[in-house]
file start02.cif (mmCIF, C-alpha atoms and all ligand atoms)
data_start
#
loop_
_atom_site.label_atom_id
_atom_site.label_comp_id
_atom_site.auth_asym_id
_atom_site.auth_seq_id
_atom_site.Cartn_x
_atom_site.Cartn_y
_atom_site.Cartn_z
CA THR A 513 75.37 107.40 125.45
CA LEU A 514 72.92 105.22 123.55
CA HIS A 515 75.30 104.78 120.64
CA PRO A 516 77.71 101.86 120.93
CA PRO A 517 81.36 102.90 120.44
CA GLU A 518 82.49 102.51 116.84
CA LEU A 519 85.45 100.24 116.19
CA LEU A 520 87.42 99.48 113.05
CA MET A 521 89.08 96.22 112.08
CA LEU A 522 91.80 96.73 109.45
CA LYS A 523 92.48 93.14 108.30
CA PRO A 524 90.85 89.75 108.87
CA MET A 525 91.50 88.54 112.42
CA HIS A 526 90.85 85.44 114.49
CA PRO A 527 87.04 85.03 114.10
CA SER A 528 86.49 85.06 117.87
CA VAL A 529 87.42 88.76 117.96
CA ALA A 530 84.67 90.02 115.64
CA GLU A 531 82.18 87.62 117.27
CA ALA A 532 82.90 88.90 120.77
CA LEU A 533 82.94 92.58 119.74
CA THR A 534 79.72 92.57 117.73
CA PRO A 535 77.14 92.69 120.56
CA THR A 536 78.84 95.61 122.39
CA PHE A 537 80.32 97.73 119.60
CA ALA A 538 79.52 99.00 116.12
CA LEU A 539 82.23 97.13 114.23
CA HIS A 540 83.41 98.42 110.84
CA ARG A 541 85.61 96.32 108.56
CA LEU A 542 88.19 97.98 106.35
CA ASP A 543 89.19 94.62 104.85
CA THR A 544 85.81 94.22 103.15
CA ALA A 545 85.50 97.86 102.00
CA ASN A 546 85.75 98.43 98.24
CA ASP A 547 87.25 101.90 98.32
CA ARG A 548 89.57 102.20 101.31
CA ASP A 549 89.99 105.98 101.13
CA ALA A 550 86.31 106.74 100.65
CA PHE A 551 85.45 104.35 103.49
CA LEU A 552 87.98 105.94 105.84
CA ALA A 553 86.85 109.47 104.89
CA GLU A 554 83.28 108.58 105.84
CA VAL A 555 83.76 106.34 108.89
CA GLY A 556 87.21 107.46 110.12
CA PRO A 557 86.10 110.46 112.21
CA ARG A 558 83.66 108.28 114.20
CA VAL A 559 86.14 105.48 114.95
CA ARG A 560 87.19 105.37 118.62
CA GLY A 561 88.98 102.00 118.68
CA LEU A 562 91.08 99.85 116.35
CA ALA A 563 91.46 96.07 116.45
CA VAL A 564 94.58 95.06 114.53
CA ASN A 565 97.14 92.32 113.98
CA ALA A 566 100.60 92.17 112.45
CA GLN A 567 99.10 92.14 108.94
CA ALA A 568 98.06 95.79 109.36
CA VAL A 569 100.25 98.88 109.58
CA VAL A 570 99.24 101.67 111.97
CA ASP A 571 101.29 104.77 111.14
CA GLY A 572 100.89 108.53 111.32
CA ALA A 573 99.09 108.65 107.95
CA LEU A 574 96.40 106.25 109.19
CA LEU A 575 96.14 108.02 112.55
CA ASP A 576 95.55 111.30 110.62
CA GLN A 577 92.40 109.70 109.20
CA LEU A 578 91.19 108.66 112.68
CA PRO A 579 91.12 111.97 114.61
CA ASN A 580 88.94 110.63 117.44
CA LEU A 581 90.80 107.39 117.98
CA GLU A 582 91.34 106.45 121.64
CA ILE A 583 92.80 102.94 121.59
CA VAL A 584 94.60 100.47 119.29
CA ALA A 585 94.23 96.86 120.49
CA ASN A 586 96.83 94.59 118.89
CA PHE A 587 96.38 90.82 118.47
CA GLY A 588 99.94 89.67 119.25
CA VAL A 589 102.63 90.52 121.78
CA GLY A 590 104.87 92.06 119.10
CA TYR A 591 103.64 95.42 117.80
CA ASP A 592 106.41 96.55 115.46
CA THR A 593 103.82 97.34 112.76
CA ILE A 594 102.29 99.99 115.04
CA ASP A 595 103.96 103.39 115.48
CA ALA A 596 103.35 103.37 119.25
CA ALA A 597 105.46 106.51 119.83
CA GLU A 598 103.27 108.41 117.35
CA ALA A 599 100.14 107.00 119.02
CA ALA A 600 101.51 108.16 122.40
CA ARG A 601 102.05 111.70 121.05
CA ARG A 602 98.38 111.79 120.03
CA GLY A 603 97.13 110.40 123.35
CA VAL A 604 96.11 107.09 121.78
CA VAL A 605 96.63 104.00 123.98
CA VAL A 606 98.14 100.86 122.41
CA THR A 607 97.60 97.41 123.92
CA ASN A 608 99.14 94.03 123.04
CA THR A 609 98.67 90.42 124.20
CA PRO A 610 101.54 89.49 126.54
CA ASP A 611 101.60 86.46 128.89
CA VAL A 612 98.77 84.52 127.22
CA LEU A 613 101.16 83.22 124.52
CA THR A 614 104.43 83.02 126.47
CA ASP A 615 104.47 79.27 127.19
CA GLU A 616 103.12 78.37 123.73
CA VAL A 617 105.85 80.30 121.91
CA ALA A 618 108.54 78.98 124.28
CA ASP A 619 107.38 75.40 123.61
CA LEU A 620 107.63 75.98 119.87
CA ALA A 621 111.06 77.62 120.20
CA VAL A 622 112.48 74.61 122.04
CA GLY A 623 110.82 72.26 119.55
CA LEU A 624 112.35 74.23 116.68
CA LEU A 625 115.78 74.08 118.31
CA LEU A 626 115.57 70.29 118.67
CA ALA A 627 114.16 69.91 115.15
CA THR A 628 117.05 71.93 113.76
CA ILE A 629 119.95 70.36 115.66
CA ARG A 630 118.64 66.76 115.36
CA ARG A 631 117.24 67.35 111.85
CA ILE A 632 113.83 65.92 112.76
CA PRO A 633 111.94 67.17 109.65
CA GLN A 634 114.79 65.97 107.41
CA ALA A 635 114.69 62.52 109.07
CA ASP A 636 110.93 62.38 108.53
CA ARG A 637 111.37 63.26 104.86
CA TYR A 638 114.11 60.60 104.60
CA LEU A 639 111.82 57.86 105.90
CA ARG A 640 108.91 58.94 103.69
CA ALA A 641 111.18 58.96 100.64
CA GLY A 642 111.86 55.25 101.28
CA ARG A 643 115.56 55.79 101.91
CA TRP A 644 115.81 53.99 105.30
CA PRO A 645 116.16 50.40 103.94
CA ALA A 646 119.18 51.47 101.86
CA ALA A 647 121.06 53.26 104.63
CA PRO A 648 120.46 54.62 108.12
CA PHE A 649 119.85 58.36 108.45
CA PRO A 650 123.14 60.26 108.78
CA LEU A 651 124.25 61.18 112.29
CA THR A 652 123.54 64.74 113.37
CA ALA A 653 124.90 67.42 115.69
CA SER A 654 123.95 67.16 119.37
CA LEU A 655 122.55 69.53 121.98
CA ARG A 656 124.66 67.72 124.60
CA GLY A 657 127.40 69.93 125.97
CA ARG A 658 126.23 72.93 123.95
CA ARG A 659 125.83 76.40 125.44
CA VAL A 660 122.69 78.37 124.53
CA GLY A 661 122.51 82.15 124.24
CA ILE A 662 119.26 84.06 124.46
CA LEU A 663 118.90 87.41 122.72
CA GLY A 664 116.15 89.19 124.65
CA LEU A 665 115.46 87.82 128.13
CA GLY A 666 111.87 89.04 128.31
CA ARG A 667 108.81 86.97 129.17
CA ILE A 668 109.30 84.51 126.31
CA GLY A 669 113.10 84.48 126.62
CA ARG A 670 112.79 83.54 130.29
CA ALA A 671 110.25 80.81 129.53
CA ILE A 672 112.66 79.35 126.95
CA ALA A 673 115.54 79.54 129.46
CA ARG A 674 113.45 77.78 132.15
CA ARG A 675 112.68 74.96 129.73
CA LEU A 676 116.31 74.66 128.65
CA GLU A 677 117.43 74.36 132.29
CA GLY A 678 115.69 70.98 132.18
CA PHE A 679 117.87 70.02 129.20
CA GLY A 680 121.04 70.46 131.25
CA VAL A 681 122.59 73.06 128.97
CA GLU A 682 124.43 76.21 130.05
CA ILE A 683 122.47 79.40 129.38
CA ALA A 684 123.66 82.97 128.81
CA TYR A 685 121.93 86.07 127.48
CA HIS A 686 122.23 89.51 125.95
CA GLY A 687 119.83 92.43 126.17
CA ARG A 688 119.93 96.15 126.77
CA ARG A 689 120.85 95.62 130.43
CA PRO A 690 121.66 92.81 132.86
CA GLN A 691 118.73 91.54 134.93
CA ALA A 692 119.58 91.23 138.60
CA ASP A 693 117.17 88.32 139.19
CA ALA A 694 118.29 86.23 136.18
CA PRO A 695 120.52 83.24 137.12
CA TYR A 696 122.31 83.30 133.73
CA ALA A 697 125.55 84.90 132.54
CA TYR A 698 125.01 88.34 130.98
CA HIS A 699 127.02 89.44 127.95
CA PRO A 700 127.11 93.20 127.37
CA THR A 701 127.55 92.71 123.60
CA LEU A 702 125.75 90.42 121.19
CA VAL A 703 129.01 89.49 119.44
CA GLY A 704 130.41 88.48 122.84
CA LEU A 705 127.38 86.30 123.52
CA ALA A 706 127.59 84.72 120.05
CA GLN A 707 131.25 83.95 120.64
CA ALA A 708 130.48 82.25 123.98
CA VAL A 709 127.63 79.97 122.82
CA HIS A 710 126.78 77.35 120.18
CA VAL A 711 123.09 78.14 119.85
CA LEU A 712 121.59 81.63 119.59
CA MET A 713 117.86 81.97 120.31
CA VAL A 714 116.40 85.24 119.00
CA VAL A 715 113.52 86.44 121.18
CA ALA A 716 114.03 90.23 121.03
CA PRO A 717 111.09 92.42 120.00
CA GLY A 718 111.14 93.76 116.43
CA GLY A 719 111.16 97.42 115.46
CA ALA A 720 113.76 100.09 114.81
CA GLY A 721 115.79 99.32 117.96
CA THR A 722 116.50 95.72 116.97
CA ASP A 723 116.63 95.96 113.16
CA GLY A 724 119.43 93.76 111.75
CA LEU A 725 120.93 93.13 115.21
CA VAL A 726 122.01 89.62 114.18
CA ASP A 727 124.38 90.65 111.39
CA ALA A 728 127.38 89.10 109.59
CA PRO A 729 129.85 89.68 112.48
CA VAL A 730 127.43 88.07 114.97
CA LEU A 731 126.95 85.06 112.69
CA ALA A 732 130.73 84.78 112.21
CA ALA A 733 131.14 84.83 116.01
CA LEU A 734 128.55 82.06 116.37
CA GLY A 735 130.87 79.93 114.28
CA PRO A 736 130.74 76.78 112.12
CA GLU A 737 128.98 74.73 114.85
CA GLY A 738 126.52 77.53 115.46
CA ILE A 739 122.75 77.22 115.25
CA LEU A 740 120.45 80.23 114.97
CA VAL A 741 116.82 79.97 116.09
CA ASN A 742 114.48 82.91 115.47
CA VAL A 743 110.91 83.01 116.84
CA ALA A 744 110.78 86.81 117.20
CA ARG A 745 110.75 88.92 114.05
CA GLY A 746 112.58 88.39 110.76
CA SER A 747 113.76 92.01 110.91
CA VAL A 748 116.01 91.26 113.91
CA VAL A 749 118.23 89.13 111.63
CA ASP A 750 120.06 90.35 108.53
CA GLU A 751 118.46 87.70 106.31
CA ALA A 752 120.92 88.13 103.42
CA ALA A 753 123.87 87.70 105.80
CA LEU A 754 122.20 84.60 107.28
CA VAL A 755 121.70 83.01 103.85
CA ALA A 756 125.32 83.77 102.96
CA ALA A 757 126.60 82.27 106.24
CA LEU A 758 124.48 79.11 105.77
CA GLU A 759 125.59 78.68 102.14
CA ALA A 760 129.24 79.15 103.08
CA GLY A 761 128.92 76.82 106.07
CA THR A 762 130.22 79.47 108.45
CA ILE A 763 127.26 78.55 110.67
CA HIS A 764 125.84 75.04 110.97
CA GLY A 765 122.11 75.55 110.68
CA ALA A 766 119.05 77.65 111.45
CA GLY A 767 115.50 77.17 112.69
CA LEU A 768 113.28 80.02 111.58
CA ASP A 769 109.64 80.75 112.41
CA VAL A 770 109.82 84.34 111.16
CA PHE A 771 111.15 86.09 108.05
CA ALA A 772 111.95 89.57 106.82
CA ALA A 773 109.11 89.79 104.28
CA GLU A 774 106.45 87.26 105.40
CA PRO A 775 104.90 85.29 103.86
CA HIS A 776 107.73 85.53 101.32
CA VAL A 777 110.67 83.24 102.12
CA PRO A 778 113.84 83.62 100.03
CA GLU A 779 114.33 80.80 97.49
CA ARG A 780 117.93 80.41 98.61
CA LEU A 781 116.76 79.64 102.15
CA VAL A 782 114.21 77.10 100.92
CA ALA A 783 116.94 75.41 98.88
CA LEU A 784 119.09 74.76 101.98
CA ASP A 785 118.99 71.39 103.74
CA ARG A 786 120.46 72.81 106.95
CA VAL A 787 117.47 74.86 107.91
CA VAL A 788 114.06 74.16 109.39
CA LEU A 789 111.48 76.67 108.17
CA LEU A 790 108.09 77.28 109.80
CA PRO A 791 105.30 79.60 108.59
CA HIS A 792 105.15 81.83 111.73
CA VAL A 793 103.31 79.34 113.94
CA GLY A 794 104.81 80.18 117.37
CA SER A 795 101.49 81.11 118.96
CA GLY A 796 99.42 79.13 116.47
CA THR A 797 97.26 76.81 118.54
CA HIS A 798 93.48 76.91 119.00
CA GLU A 799 93.87 77.55 122.73
CA THR A 800 96.43 80.33 122.56
CA ARG A 801 94.94 82.21 119.60
CA ALA A 802 91.57 82.15 121.41
CA GLY A 803 93.27 83.50 124.54
CA MET A 804 94.89 86.29 122.51
CA GLY A 805 91.51 87.13 120.97
CA ARG A 806 89.92 87.33 124.43
CA LEU A 807 92.62 89.72 125.61
CA VAL A 808 92.11 91.99 122.58
CA VAL A 809 88.39 92.11 123.34
CA ASP A 810 88.90 92.53 127.11
CA ASN A 811 91.21 95.50 126.52
CA LEU A 812 88.58 97.22 124.35
CA VAL A 813 85.70 96.45 126.74
CA SER A 814 87.69 97.64 129.76
CA TRP A 815 88.66 100.84 127.96
CA PHE A 816 85.13 101.75 126.85
CA GLU A 817 83.73 100.93 130.30
CA GLY A 818 86.12 103.58 131.62
CA ARG A 819 88.44 101.19 133.46
CA GLY A 820 91.53 101.81 131.33
CA PRO A 821 93.51 99.32 129.25
CA LEU A 822 94.47 95.92 130.73
CA THR A 823 97.78 95.42 128.94
CA PRO A 824 99.10 98.76 127.60
CA VAL A 825 102.48 98.73 125.84
CA ALA A 826 105.52 100.51 127.30
CA GLU A 827 105.11 103.58 125.06
CA THR A 828 101.59 104.26 126.37
CA PRO A 829 101.70 103.45 130.09
CA TRP A 830 98.52 103.51 132.15
CA PRO A 831 97.42 105.20 134.31
CA VAL A 832 99.03 108.32 132.90
CA SER A 833 100.71 110.83 135.13
CA GLY A 834 100.90 114.42 133.92
CA ALA A 835 100.65 115.45 130.28
CA ARG A 836 98.25 112.86 128.88
CA ALA A 837 95.98 112.63 131.96
C1 LIG B 901 100.91 86.38 115.96
C2 LIG B 901 103.14 87.13 116.96
O1 LIG B 901 100.77 85.28 115.13
O2 LIG B 901 102.36 87.73 119.09
C3 LIG B 901 103.13 87.98 118.18
O3 LIG B 901 103.92 88.92 118.24
O4 LIG B 901 103.98 87.25 116.16
C4 LIG B 901 102.11 86.08 116.78
O5 LIG B 901 101.66 85.64 118.02
C5 LIG B 901 100.82 87.52 115.07
O6 LIG B 901 101.26 88.71 115.61
C6 LIG B 901 99.37 87.63 114.66
O7 LIG B 901 99.13 88.68 113.85
#

call {"tool": "encode", "arguments": {"input": "start02.cif", "output": "structure tokens"}}
result
Amino acid sequence: TLHPPELLMLKPMHPSVAEALTPTFALHRLDTANDRDAFLAEVGPRVRGLAVNAQAVVDGALLDQLPNLEIVANFGVGYDTIDAAEAARRGVVVTNTPDVLTDEVADLAVGLLLATIRRIPQADRYLRAGRWPAAPFPLTASLRGRRVGILGLGRIGRAIARRLEGFGVEIAYHGRRPQADAPYAYHPTLVGLAQAVHVLMVVAPGGAGTDGLVDAPVLAALGPEGILVNVARGSVVDEAALVAALEAGTIHGAGLDVFAAEPHVPERLVALDRVVLLPHVGSGTHETRAGMGRLVVDNLVSWFEGRGPLTPVAETPWPVSGARA
């Protein structure tokens, strides 16, 4: 066909994505449209591909307005804002950006753990406030001799574990099932893991299956020396229970890169000195965001050249056998 495939971008994305798509595709932008419904009514039926990120929701109602959609390419490894099961039912492929951000996010997770347990941002603020001459910075907790638990031993969880091996700490994990090739102790329950470790690293995907997994009983099991680090999704942790546990001192501290209602962070969390709070920067480097952008584009190009998706998600495997073929 002489007509380039028509794509739709729902929200602003890394600029490299629109740049790379423009020569090959007819790219529509919903984020700059004045009347969203009128725009979708006119353009929707011609749209064959979506480029999205976590700022956009792709649900059944949106898919209804895109009857000829073939592929949703997500910028990010997590895709809890996309109803991938609904997409699968309609024969729409969903892709994400695994692997290209694994090491970057694992680096940040380990940095956040050290920042939290050694209170690195607090020490920096202490120096800047001119308090050093009056008294040395208070001593902190130590990673030495601590056991670390990983919730979700996927690509990023494994990369964190590999790094922590170098720190000489004992590592254990919890997930839906034990992994035969993982050299770490498996705990069949999350409460059991929390009981056995001092530090809990949350790396499980978001979505309905993991909603509120780290709840009050898990935090109680982690205990008064416990540190929670979350680089996954805010929804995996019961945020109200976490705030309560931190305020009561039933856990020691938390390092959080993600929150339940980003970019909103509860005032009560901001008021706490025992937490290190980051504005969702796990993958946020020039190199890695550019790599994620390339993979979004490569998935779309591969699809429209008839070669299938490069990195389809589990709900929409490729190549398809049977029904969706
Ligand atoms: C992105 C992320 O910043 O990959 C993910 O799942 O959370 C981050 O890498 C975010 O999804 C971009 O929209």

call {"tool": "closest_residue", "arguments": {"input": "start02.cif", "among": "A:Ala597, A:Ala653, A:Leu519, A:Val612", "to": "Arg806 in chain A", "atoms": "only C-alpha atoms"}}
result
A:Val612

call {"tool": "residues_near_ligand", "arguments": {"input": "start02.cif", "ligand": "ligand LIG 901 (chain B)", "cutoff": "10 Å", "atoms": "all atoms listed in the file", "output": "ChimeraX atom specification"}}
result
/A:523-526,564-568,586-593,608-614,616-617,717-718,743-745,769-770,791-797,800-801,804

call {"tool": "residues_near_point", "arguments": {"input": "start02.cif", "point": "(87.6, 110.8, 115.1)", "cutoff": "12 Å", "atoms": "all atoms listed in the file", "output": "ChimeraX atom specification"}}
result
/A:517-520,552-562,574-583,602,604

call {"tool": "residues_around", "arguments": {"input": "start02.cif", "residues": "range 626-643 of chain A", "least_positions_apart": "2", "cutoff": "9 Å", "atoms": "all atoms listed in the file", "output": "list in words"}}
result
Ala621, Val622, Gly623, Leu624, Pro645, Ala646, Ala647, Pro648, Phe649, Pro650, Leu651, Thr652, Ala653, Ser654, Leu655, Ile739, Val741, His764, Gly765, Ala766, Gly767, Asp785, Arg786, Val787 and Val788 of chain A

call {"tool": "closest_residue", "arguments": {"input": "start02.cif", "among": "A:Leu784, A:Ala826, A:Val584, A:Val715", "to": "Gly664 in chain A", "atoms": "all atoms listed in the file"}}
result
A:Val715

call {"tool": "closest_residue", "arguments": {"input": "start02.cif", "among": "A:Ala756, A:Val726, A:Ile662, A:Val825", "to": "His699 in chain A", "atoms": "all atoms listed in the file"}}
result
A:Ile662

call {"tool": "atom_distance", "arguments": {"input": "start02.cif", "atom1": "CA of Arg780 in chain A", "atom2": "CA of Pro729 in chain A"}}
result
20.5 Å
